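Novice: Input structure: query02.tsv, which contains TSV, C-alpha atoms.
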```
chain	number	residue	atom	x	y	z
A	1	MET	CA	-23.84	5.78	9.81
A	2	THR	CA	-21.47	8.71	9.26
A	3	THR	CA	-20.80	9.97	5.74
A	4	THR	CA	-18.68	12.55	3.97
A	5	THR	CA	-19.52	14.23	0.68
A	6	THR	CA	-16.42	14.39	-1.50
A	7	THR	CA	-16.03	11.43	-3.87
A	8	PRO	CA	-12.41	10.56	-4.72
A	9	ARG	CA	-11.61	10.88	-8.41
A	10	ARG	CA	-8.62	8.51	-8.36
A	11	ILE	CA	-8.13	5.64	-5.96
A	12	VAL	CA	-5.66	2.85	-5.34
A	13	ILE	CA	-7.17	-0.39	-4.05
A	14	LYS	CA	-4.95	-2.92	-2.33
A	15	LEU	CA	-6.24	-6.49	-2.17
A	16	GLY	CA	-4.47	-8.76	0.28
A	17	THR	CA	-4.01	-12.49	-0.08
A	18	ASN	CA	-6.51	-13.24	2.69
A	19	VAL	CA	-9.13	-11.18	0.85
A	20	LEU	CA	-8.54	-12.94	-2.46
A	21	THR	CA	-8.60	-16.39	-0.88
A	22	ALA	CA	-11.51	-15.59	1.48
A	23	GLY	CA	-9.52	-17.30	4.21
A	24	THR	CA	-8.96	-20.52	2.23
A	25	ASP	CA	-5.82	-21.98	0.66
A	26	HIS	CA	-6.77	-21.05	-2.90
A	27	LEU	CA	-7.96	-18.05	-4.87
A	28	HIS	CA	-11.67	-17.63	-4.20
A	29	ARG	CA	-13.23	-16.88	-7.60
A	30	PRO	CA	-16.63	-15.69	-6.29
A	31	ARG	CA	-14.89	-13.16	-4.02
A	32	MET	CA	-12.75	-11.93	-6.92
A	33	VAL	CA	-15.78	-11.63	-9.21
A	34	GLU	CA	-17.62	-9.57	-6.61
A	35	LEU	CA	-14.69	-7.22	-6.08
A	36	VAL	CA	-14.24	-6.75	-9.83
A	37	ARG	CA	-17.96	-5.98	-10.14
A	38	GLN	CA	-17.59	-3.24	-7.55
A	39	ILE	CA	-14.55	-1.82	-9.37
A	40	ALA	CA	-16.50	-1.81	-12.64
A	41	GLU	CA	-19.31	0.13	-10.97
A	42	ALA	CA	-16.85	2.68	-9.61
A	43	ARG	CA	-15.27	3.16	-13.02
A	44	ALA	CA	-18.71	3.62	-14.56
A	45	GLN	CA	-19.18	6.54	-12.16
A	46	GLY	CA	-15.98	8.18	-13.39
A	47	VAL	CA	-13.59	7.01	-10.68
A	48	GLU	CA	-10.10	6.06	-11.89
A	49	VAL	CA	-8.90	2.84	-10.26
A	50	VAL	CA	-5.44	1.36	-9.82
A	51	LEU	CA	-5.31	-2.13	-8.32
A	52	VAL	CA	-2.42	-3.42	-6.19
A	53	SER	CA	-2.97	-7.14	-5.83
A	54	SER	CA	-1.34	-9.82	-3.77
A	55	GLY	CA	-2.08	-13.46	-4.50
A	56	ALA	CA	0.66	-14.59	-6.91
A	57	VAL	CA	2.26	-16.93	-4.39
A	58	ALA	CA	-1.15	-18.33	-3.40
A	59	ALA	CA	-1.97	-18.89	-7.09
A	60	GLY	CA	1.35	-20.65	-7.60
A	61	ARG	CA	0.80	-22.85	-4.58
A	62	GLU	CA	-2.62	-23.79	-5.93
A	63	ARG	CA	-1.25	-24.56	-9.41
A	64	LEU	CA	1.45	-26.83	-7.95
A	65	GLN	CA	-1.17	-28.67	-5.90
A	66	PHE	CA	-0.25	-27.17	-2.52
A	67	PRO	CA	3.33	-28.25	-1.84
A	68	PRO	CA	4.51	-28.14	1.80
A	69	ARG	CA	5.08	-24.59	3.01
A	70	ARG	CA	8.66	-23.35	3.02
A	71	LYS	CA	10.11	-19.99	3.99
A	72	ASP	CA	13.20	-19.87	1.78
A	73	LEU	CA	13.21	-17.09	-0.81
A	74	PRO	CA	13.95	-19.20	-3.96
A	75	PHE	CA	10.91	-21.39	-3.28
A	76	LYS	CA	8.69	-18.36	-2.78
A	77	GLN	CA	10.03	-16.90	-6.03
A	78	LEU	CA	9.18	-20.18	-7.77
A	79	LEU	CA	5.61	-19.96	-6.52
A	80	ALA	CA	5.40	-16.33	-7.61
A	81	ALA	CA	6.75	-17.16	-11.08
A	82	VAL	CA	4.16	-19.89	-11.53
A	83	GLY	CA	1.32	-17.93	-9.96
A	84	GLN	CA	1.74	-14.44	-11.41
A	85	SER	CA	0.59	-15.32	-14.92
A	86	ARG	CA	-2.21	-17.47	-13.48
A	87	LEU	CA	-3.40	-14.59	-11.28
A	88	MET	CA	-3.36	-12.15	-14.19
A	89	HIS	CA	-5.20	-14.63	-16.41
A	90	ILE	CA	-7.99	-14.86	-13.85
A	91	TYR	CA	-8.17	-11.09	-13.52
A	92	GLU	CA	-8.20	-10.64	-17.29
A	93	GLN	CA	-11.08	-13.09	-17.67
A	94	ILE	CA	-13.17	-11.45	-14.96
A	95	PHE	CA	-12.52	-7.85	-16.03
A	96	ASP	CA	-13.28	-8.84	-19.61
A	97	LEU	CA	-16.86	-9.56	-18.49
A	98	TYR	CA	-17.14	-5.78	-18.06
A	99	SER	CA	-15.06	-4.92	-21.15
A	100	ILE	CA	-12.30	-3.45	-18.98
A	101	PRO	CA	-8.77	-3.84	-20.37
A	102	VAL	CA	-6.08	-4.54	-17.80
A	103	ALA	CA	-2.31	-4.05	-17.73
A	104	GLN	CA	0.16	-5.97	-15.59
A	105	THR	CA	2.86	-3.92	-13.87
A	106	LEU	CA	5.57	-5.48	-11.70
A	107	LEU	CA	7.60	-3.10	-9.54
A	108	THR	CA	10.62	-3.33	-7.26
A	109	ARG	CA	12.02	-0.92	-4.70
A	110	GLU	CA	14.73	0.07	-7.17
A	111	ASP	CA	12.05	1.19	-9.64
A	112	LEU	CA	10.82	3.71	-7.08
A	113	ARG	CA	14.15	4.66	-5.55
A	114	ASP	CA	15.71	5.76	-8.84
A	115	ARG	CA	14.31	9.11	-10.01
A	116	HIS	CA	14.20	8.24	-13.73
A	117	ARG	CA	12.60	4.84	-13.19
A	118	TYR	CA	10.11	6.40	-10.79
A	119	LEU	CA	9.06	8.88	-13.46
A	120	ASN	CA	8.88	6.17	-16.11
A	121	ALA	CA	6.62	4.07	-13.90
A	122	ARG	CA	4.48	7.13	-13.18
A	123	ASN	CA	4.15	7.99	-16.86
A	124	THR	CA	3.15	4.42	-17.71
A	125	LEU	CA	0.46	4.26	-15.02
A	126	LEU	CA	-0.95	7.67	-15.91
A	127	ALA	CA	-1.05	6.66	-19.59
A	128	CYS	CA	-3.02	3.55	-18.62
A	129	LEU	CA	-5.57	5.66	-16.78
A	130	LEU	CA	-5.78	8.13	-19.64
A	131	HIS	CA	-6.69	5.33	-22.07
A	132	GLY	CA	-9.13	3.57	-19.77
A	133	VAL	CA	-6.80	0.67	-18.94
A	134	LEU	CA	-6.86	-0.63	-15.38
A	135	PRO	CA	-3.31	-1.24	-14.04
A	136	ILE	CA	-2.86	-4.31	-11.86
A	137	ILE	CA	0.33	-3.98	-9.85
A	138	ASN	CA	2.32	-6.43	-7.81
A	139	GLU	CA	5.77	-6.51	-6.33
A	140	ASN	CA	8.16	-8.35	-8.62
A	141	ASP	CA	8.76	-11.30	-6.28
A	142	VAL	CA	10.47	-13.31	-8.99
A	143	VAL	CA	13.58	-11.09	-9.12
A	144	GLU	CA	13.45	-9.56	-5.61
A	145	VAL	CA	16.12	-10.23	-3.02
A	146	ASP	CA	16.08	-9.29	0.65
A	147	GLU	CA	18.14	-6.15	0.11
A	148	ILE	CA	15.68	-4.56	-2.31
A	149	ARG	CA	12.32	-5.98	-1.20
A	150	LEU	CA	9.49	-3.56	-0.60
A	151	GLY	CA	8.48	-6.10	2.01
A	152	ASP	CA	4.78	-6.36	1.29
A	153	ASN	CA	2.07	-5.03	-0.97
A	154	ASP	CA	0.77	-2.71	1.75
A	155	THR	CA	3.91	-0.60	1.41
A	156	LEU	CA	3.78	-0.96	-2.36
A	157	SER	CA	0.20	0.33	-2.43
A	158	ALA	CA	1.23	3.47	-0.53
A	159	LEU	CA	4.09	4.09	-2.94
A	160	VAL	CA	1.76	3.58	-5.90
A	161	ALA	CA	-0.74	6.02	-4.38
A	162	ASN	CA	2.11	8.51	-4.19
A	163	LEU	CA	3.13	7.67	-7.74
A	164	VAL	CA	-0.26	8.42	-9.32
A	165	ASP	CA	-1.41	11.27	-7.03
A	166	ALA	CA	-4.31	9.21	-5.68
A	167	ASP	CA	-7.01	10.85	-3.59
A	168	LEU	CA	-7.63	7.67	-1.62
A	169	LEU	CA	-5.81	4.46	-0.78
A	170	LEU	CA	-8.27	1.71	0.15
A	171	ILE	CA	-6.56	-1.23	1.85
A	172	LEU	CA	-8.90	-4.21	1.94
A	173	SER	CA	-7.95	-6.79	4.52
A	174	ASP	CA	-9.47	-9.66	6.51
A	175	ILE	CA	-10.05	-7.35	9.48
A	176	GLU	CA	-12.37	-4.36	9.86
A	177	GLY	CA	-9.60	-1.89	10.66
A	178	LEU	CA	-7.39	-0.80	13.54
A	179	TYR	CA	-8.63	-1.88	16.96
A	180	SER	CA	-7.75	-0.82	20.48
A	181	ALA	CA	-6.48	-4.39	20.99
A	182	ASP	CA	-6.33	-7.62	19.00
A	183	PRO	CA	-10.04	-8.46	18.47
A	184	ARG	CA	-9.18	-12.11	17.95
A	185	ARG	CA	-7.89	-12.30	21.52
A	186	ASP	CA	-9.65	-9.52	23.38
A	187	PRO	CA	-13.46	-9.44	23.19
A	188	GLN	CA	-13.40	-5.90	24.62
A	189	ALA	CA	-11.40	-4.54	21.67
A	190	THR	CA	-13.08	-1.63	19.88
A	191	LEU	CA	-12.66	-0.36	16.34
A	192	ILE	CA	-10.87	2.98	16.03
A	193	PRO	CA	-12.84	4.89	13.36
A	194	GLU	CA	-10.25	7.58	12.63
A	195	VAL	CA	-6.56	8.20	13.24
A	196	ARG	CA	-5.38	11.76	12.67
A	197	ALA	CA	-1.75	11.28	13.72
A	198	ILE	CA	0.31	8.13	13.39
A	199	ASP	CA	2.79	7.85	16.24
A	200	ASP	CA	4.46	5.12	18.28
A	201	ALA	CA	1.27	4.58	20.27
A	202	ILE	CA	-0.63	3.75	17.07
A	203	TYR	CA	2.10	1.35	15.95
A	204	ALA	CA	1.93	-0.32	19.36
A	205	LEU	CA	-1.70	-1.26	18.68
A	206	ALA	CA	-0.71	-3.36	15.64
A	207	GLY	CA	-0.05	-7.08	15.82
A	208	GLY	CA	2.16	-9.37	13.77
A	209	SER	CA	1.84	-10.88	10.29
A	210	ASN	CA	-1.19	-12.82	9.17
A	211	THR	CA	-1.22	-16.46	8.15
A	212	ARG	CA	-1.20	-16.48	4.35
A	213	GLY	CA	-0.01	-12.98	3.48
A	214	THR	CA	3.26	-11.22	4.23
A	215	GLY	CA	1.73	-8.15	5.83
A	216	GLY	CA	-0.05	-7.43	9.08
A	217	MET	CA	-1.58	-4.36	10.69
A	218	THR	CA	1.89	-2.90	11.29
A	219	THR	CA	2.61	-2.79	7.56
A	220	LYS	CA	-0.82	-1.28	6.91
A	221	ILE	CA	-0.17	1.52	9.40
A	222	HIS	CA	3.22	2.10	7.82
A	223	ALA	CA	1.51	2.33	4.43
A	224	ALA	CA	-0.97	4.83	5.87
A	225	ASP	CA	1.93	6.82	7.30
A	226	LEU	CA	3.62	7.04	3.89
A	227	ALA	CA	0.43	7.80	1.97
A	228	THR	CA	-0.98	10.47	4.29
A	229	HIS	CA	2.33	12.33	4.28
A	230	SER	CA	2.09	12.70	0.51
A	231	GLY	CA	-1.50	13.94	0.46
A	232	THR	CA	-3.50	10.71	0.11
A	233	ALA	CA	-6.24	9.69	2.55
A	234	VAL	CA	-6.29	6.03	3.62
A	235	VAL	CA	-9.07	3.65	4.64
A	236	ILE	CA	-8.33	0.22	6.08
A	237	THR	CA	-11.35	-2.07	6.20
A	238	SER	CA	-12.59	-5.57	5.47
A	239	GLY	CA	-12.77	-6.78	1.88
A	240	ALA	CA	-15.63	-9.08	2.86
A	241	THR	CA	-17.98	-6.18	3.72
A	242	PRO	CA	-20.88	-6.20	1.22
A	243	GLY	CA	-20.54	-3.39	-1.31
A	244	VAL	CA	-17.47	-2.08	0.48
A	245	LEU	CA	-16.05	-0.06	-2.42
A	246	GLY	CA	-19.21	1.82	-3.28
A	247	ARG	CA	-19.95	2.50	0.37
A	248	VAL	CA	-16.50	3.96	0.98
A	249	LEU	CA	-16.70	6.06	-2.19
A	250	ASN	CA	-20.11	7.36	-1.08
A	251	GLY	CA	-18.54	8.57	2.15
A	252	GLU	CA	-19.73	5.90	4.56
A	253	ARG	CA	-17.27	5.55	7.41
A	254	LEU	CA	-16.20	1.93	7.30
A	255	GLY	CA	-13.11	0.60	9.03
A	256	THR	CA	-10.40	3.03	10.09
A	257	ARG	CA	-9.79	6.26	8.17
A	258	PHE	CA	-6.47	8.11	8.11
A	259	PRO	CA	-7.00	11.65	6.72
A	260	ALA	CA	-4.24	13.12	4.58
A	261	ILE	CA	-1.97	15.30	6.71
A	262	ALA	CA	-0.28	17.08	3.83
A	263	SER	CA	-1.61	19.00	0.88
A	264	ARG	CA	-0.71	17.89	-2.62
A	265	LEU	CA	3.02	18.14	-3.16
A	266	GLU	CA	4.94	18.78	-6.32
A	267	SER	CA	6.42	15.79	-8.09
A	268	ARG	CA	9.94	15.83	-6.67
A	269	LYS	CA	8.79	16.18	-3.08
A	270	ARG	CA	6.42	13.25	-3.60
A	271	TRP	CA	9.35	11.20	-4.86
A	272	VAL	CA	11.41	12.11	-1.81
A	273	LEU	CA	8.55	10.99	0.41
A	274	ALA	CA	8.09	7.77	-1.55
A	275	GLU	CA	10.56	5.88	0.60
A	276	THR	CA	11.42	7.07	4.07
A	277	ALA	CA	12.79	4.98	6.90
A	278	ARG	CA	10.23	5.70	9.59
A	279	ARG	CA	12.18	4.05	12.40
A	280	SER	CA	15.28	6.09	11.60
A	281	ARG	CA	15.61	9.79	12.24
A	282	VAL	CA	18.08	12.65	12.51
A	283	ILE	CA	17.57	15.20	15.28
A	284	ALA	CA	18.55	18.80	14.51
A	285	ASP	CA	19.25	21.58	16.98
A	286	GLN	CA	17.14	24.74	17.11
A	287	GLY	CA	19.38	26.73	14.80
A	288	ALA	CA	19.46	24.00	12.15
A	289	ALA	CA	15.70	23.47	12.44
A	290	ARG	CA	15.09	27.16	11.89
A	291	ALA	CA	17.46	27.21	8.90
A	292	LEU	CA	15.64	24.25	7.35
A	293	THR	CA	12.07	25.45	7.87
A	294	GLU	CA	12.49	29.21	7.49
A	295	GLY	CA	15.60	29.74	5.40
A	296	GLY	CA	15.40	26.85	2.94
A	297	LYS	CA	18.90	25.76	3.91
A	298	SER	CA	20.53	22.34	3.96
A	299	LEU	CA	21.26	20.35	7.09
A	300	LEU	CA	24.95	20.48	8.02
A	301	PRO	CA	26.73	18.05	10.38
A	302	ALA	CA	27.18	20.79	12.99
A	303	GLY	CA	23.42	21.06	13.35
A	304	VAL	CA	22.87	17.35	14.09
A	305	VAL	CA	22.49	16.56	17.77
A	306	GLY	CA	21.27	12.99	17.52
A	307	VAL	CA	20.72	10.01	15.24
A	308	GLU	CA	18.31	7.14	15.89
A	309	GLY	CA	17.89	3.85	14.05
A	310	ASP	CA	19.68	2.41	11.03
A	311	PHE	CA	19.69	3.55	7.43
A	312	GLU	CA	21.82	3.10	4.35
A	313	ARG	CA	23.67	5.54	2.14
A	314	GLY	CA	21.27	7.31	-0.21
A	315	GLN	CA	18.19	6.40	1.82
A	316	LYS	CA	15.72	9.17	2.62
A	317	ILE	CA	15.15	9.75	6.32
A	318	ARG	CA	13.04	12.08	8.44
A	319	ILE	CA	14.39	15.05	10.37
A	320	TYR	CA	13.08	16.11	13.78
A	321	ASN	CA	13.81	19.02	16.09
A	322	SER	CA	14.96	18.56	19.67
A	323	ASP	CA	11.32	18.70	20.87
A	324	GLY	CA	10.43	15.63	18.84
A	325	GLN	CA	8.49	17.46	16.12
A	326	GLU	CA	8.98	16.22	12.57
A	327	LEU	CA	10.36	18.91	10.27
```
Write the structure described by the file as structure tokens, please.
Specialist:
Amino acid sequence: MTTTTTTPRRIVIKLGTNVLTAGTDHLHRPRMVELVRQIAEARAQGVEVVLVSSGAVAAGRERLQFPPRRKDLPFKQLLAAVGQSRLMHIYEQIFDLYSIPVAQTLLTREDLRDRHRYLNARNTLLACLLHGVLPIINENDVVEVDEIRLGDNDTLSALVANLVDADLLLILSDIEGLYSADPRRDPQATLIPEVRAIDDAIYALAGGSNTRGTGGMTTKIHAADLATHSGTAVVITSGATPGVLGRVLNGERLGTRFPAIASRLESRKRWVLAETARRSRVIADQGAARALTEGGKSLLPAGVVGVEGDFERGQKIRIYNSDGQEL
């Protein structure tokens, strides 16, 4: 067992649908009670916790007695509308056993893209923590459309970690972490305990989406990429591991750890990093790269020697030099 010594003071925990259902078709109350118990213990030790929870669609499906699965967006929004209040009611009941007040927060990409709304969301979440209220956050599936979807709660959890200056983002999944191959297909696959740099080779190790949730390992790596760039360490591990939260907080190396690759950034830089299109990039020549990194200058069209991927007007993208190094 390998341990570290520094205990995070503020963490964001992301609970996926497969964790909350324990692999079934309905919310698994004993699993939820156990996870809440662990969160209560962490709070009693002085750790501030923000919870990003999936499960609204699963709760809605359960409430409507498991209608046939459909992929169209309006039906999913119906399930989310029915299930969101049910999910929060269950959380409120369980957290109330430990006298922990909770607050529901629904976010969309537009809330984090707009500077004023980003700051408002940040102020609300920090006020919750200041007053001992545990925020429970979910993407606002009821009003989302394809053009503004965050895509999954993995990405949302990374943006929330950025929003509240979290020390650690703990993504609890139905798999132990990142493997050298798909462990469900390859018995020789081995767990990768630490990833210091996220590149195309790391993305290539990820598989597709899971059965009940919207995310997969690819979205978790993307979340780790976003979070580590803004100064937050990330751990991806199984939510079924006994005492997982306390063990991670005590420094035990469970799952796959992604150390932060940037020091704490000031607020505006964190906002800029909150939504970057990883698959899209602008490549600057040597003179432009030097002007950006050494002179504090802006990037002009004359300094652009290449563009890769797609992005929209107003979207934040990453800039690289001609050697492939991110600036």
Novice: Using only C-alpha atoms, which protein or nucleic acid residues come within 12 Å of Leu64 (chain A)? Drop anything in the same chain fewer than 6 positions from it, and give the result as a JSON list (two decimals) with C-alpha atoms, in the coordinates of the input.
Specialist:
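The result, written out as selection32.json:
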```json
[["chain", "number", "residue", "atom", "x", "y", "z"],
["A", 26, "HIS", "CA", -6.77, -21.05, -2.90],
["A", 57, "VAL", "CA", 2.26, -16.93, -4.39],
["A", 58, "ALA", "CA", -1.15, -18.33, -3.40],
["A", 75, "PHE", "CA", 10.91, -21.39, -3.28],
["A", 78, "LEU", "CA", 9.18, -20.18, -7.77],
["A", 79, "LEU", "CA", 5.61, -19.96, -6.52],
["A", 80, "ALA", "CA", 5.40, -16.33, -7.61],
["A", 81, "ALA", "CA", 6.75, -17.16, -11.08],
["A", 82, "VAL", "CA", 4.16, -19.89, -11.53],
["A", 83, "GLY", "CA", 1.32, -17.93, -9.96],
["A", 86, "ARG", "CA", -2.21, -17.47, -13.48]]
```
Novice: For Asp285 (chain A), list every protein, DNA or RNA residue within 9 Å, evaluated using only C-alpha atoms, and leave out those in the same chain fewer than 6 positions away; present the list as a list of chain:residue names.
Specialist: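 What passes the distance filter is A:Ala302, A:Gly303, A:Val304, A:Val305, A:Gly306, A:Tyr320, A:Asn321, A:Ser322.
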Novice: Between A:Ser230, A:Leu254, A:Thr124, A:Leu205, which has the minimum distance to Pro183 (chain A) (counting only C-alpha atoms)?
Specialist: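 Of A:Ser230, A:Leu254, A:Thr124, A:Leu205, the one nearest Pro183 (chain A) is A:Leu205, counting only C-alpha atoms.
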Novice: As a short mmCIF file (atom, residue, chain, number, x, y, z; two decimals) with C-alpha atoms, in the coordinates of the input, please: the residues near Ser99 (chain A) (cut-off 10 Å, all atoms listed in the file, same-chain neighbours under 6 positions excluded).
Specialist:
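Written file, result01.cif:
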```cif
data_model
loop_
_atom_site.label_atom_id
_atom_site.label_comp_id
_atom_site.auth_asym_id
_atom_site.auth_seq_id
_atom_site.Cartn_x
_atom_site.Cartn_y
_atom_site.Cartn_z
CA ALA A 40 -16.50 -1.81 -12.64
CA GLU A 92 -8.20 -10.64 -17.29
CA GLN A 93 -11.08 -13.09 -17.67
#
```
Novice: Rank A:Ala289, A:Gly231, A:Asp167, A:Ala240 by their smallest atom-to-atom distance to Ser263 (chain A), using only C-alpha atoms, and report the top residue only.
Specialist: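 Ranking A:Ala289, A:Gly231, A:Asp167, A:Ala240 by distance to Ser263 (chain A), first place goes to A:Gly231.
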Novice: Between CA of Ala227 (chain A) and CA of Pro242 (chain A), measure the distance and give it in Å to one decimal.
Specialist: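 Result for CA of Ala227 (chain A) versus CA of Pro242 (chain A): 25.5 Å, one decimal.
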Novice: Smallest atom-to-atom distance to Ile192 (chain A): which of A:Ile137, A:Thr241, A:Asn162, A:Arg257, using all atoms listed in the file?
Specialist: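 Closest residue, counting all atoms listed in the file: A:Arg257.
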Novice: Hey, which of A:Arg61, A:Arg253, A:Arg37, A:Arg318 ends up closest to Thr21 (chain A)? Count all atoms listed in the file.
Specialist: A:Arg61
Novice: Around the point (-5.8, -4.2, -1.2), in the coordinates given by the file, pick out the residues reaching within 7 Å, counting all atoms listed in the file, and return them as a count of residues only.
Specialist: 10
Novice: Calculated over all atoms listed in the file, which of the candidates A:Val272, A:His89, A:Arg196, A:Met217 has the smallest distance to Asp182 (chain A)?
Specialist: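 Checking each candidate against Asp182 (chain A), we get A:Met217 as the closest.
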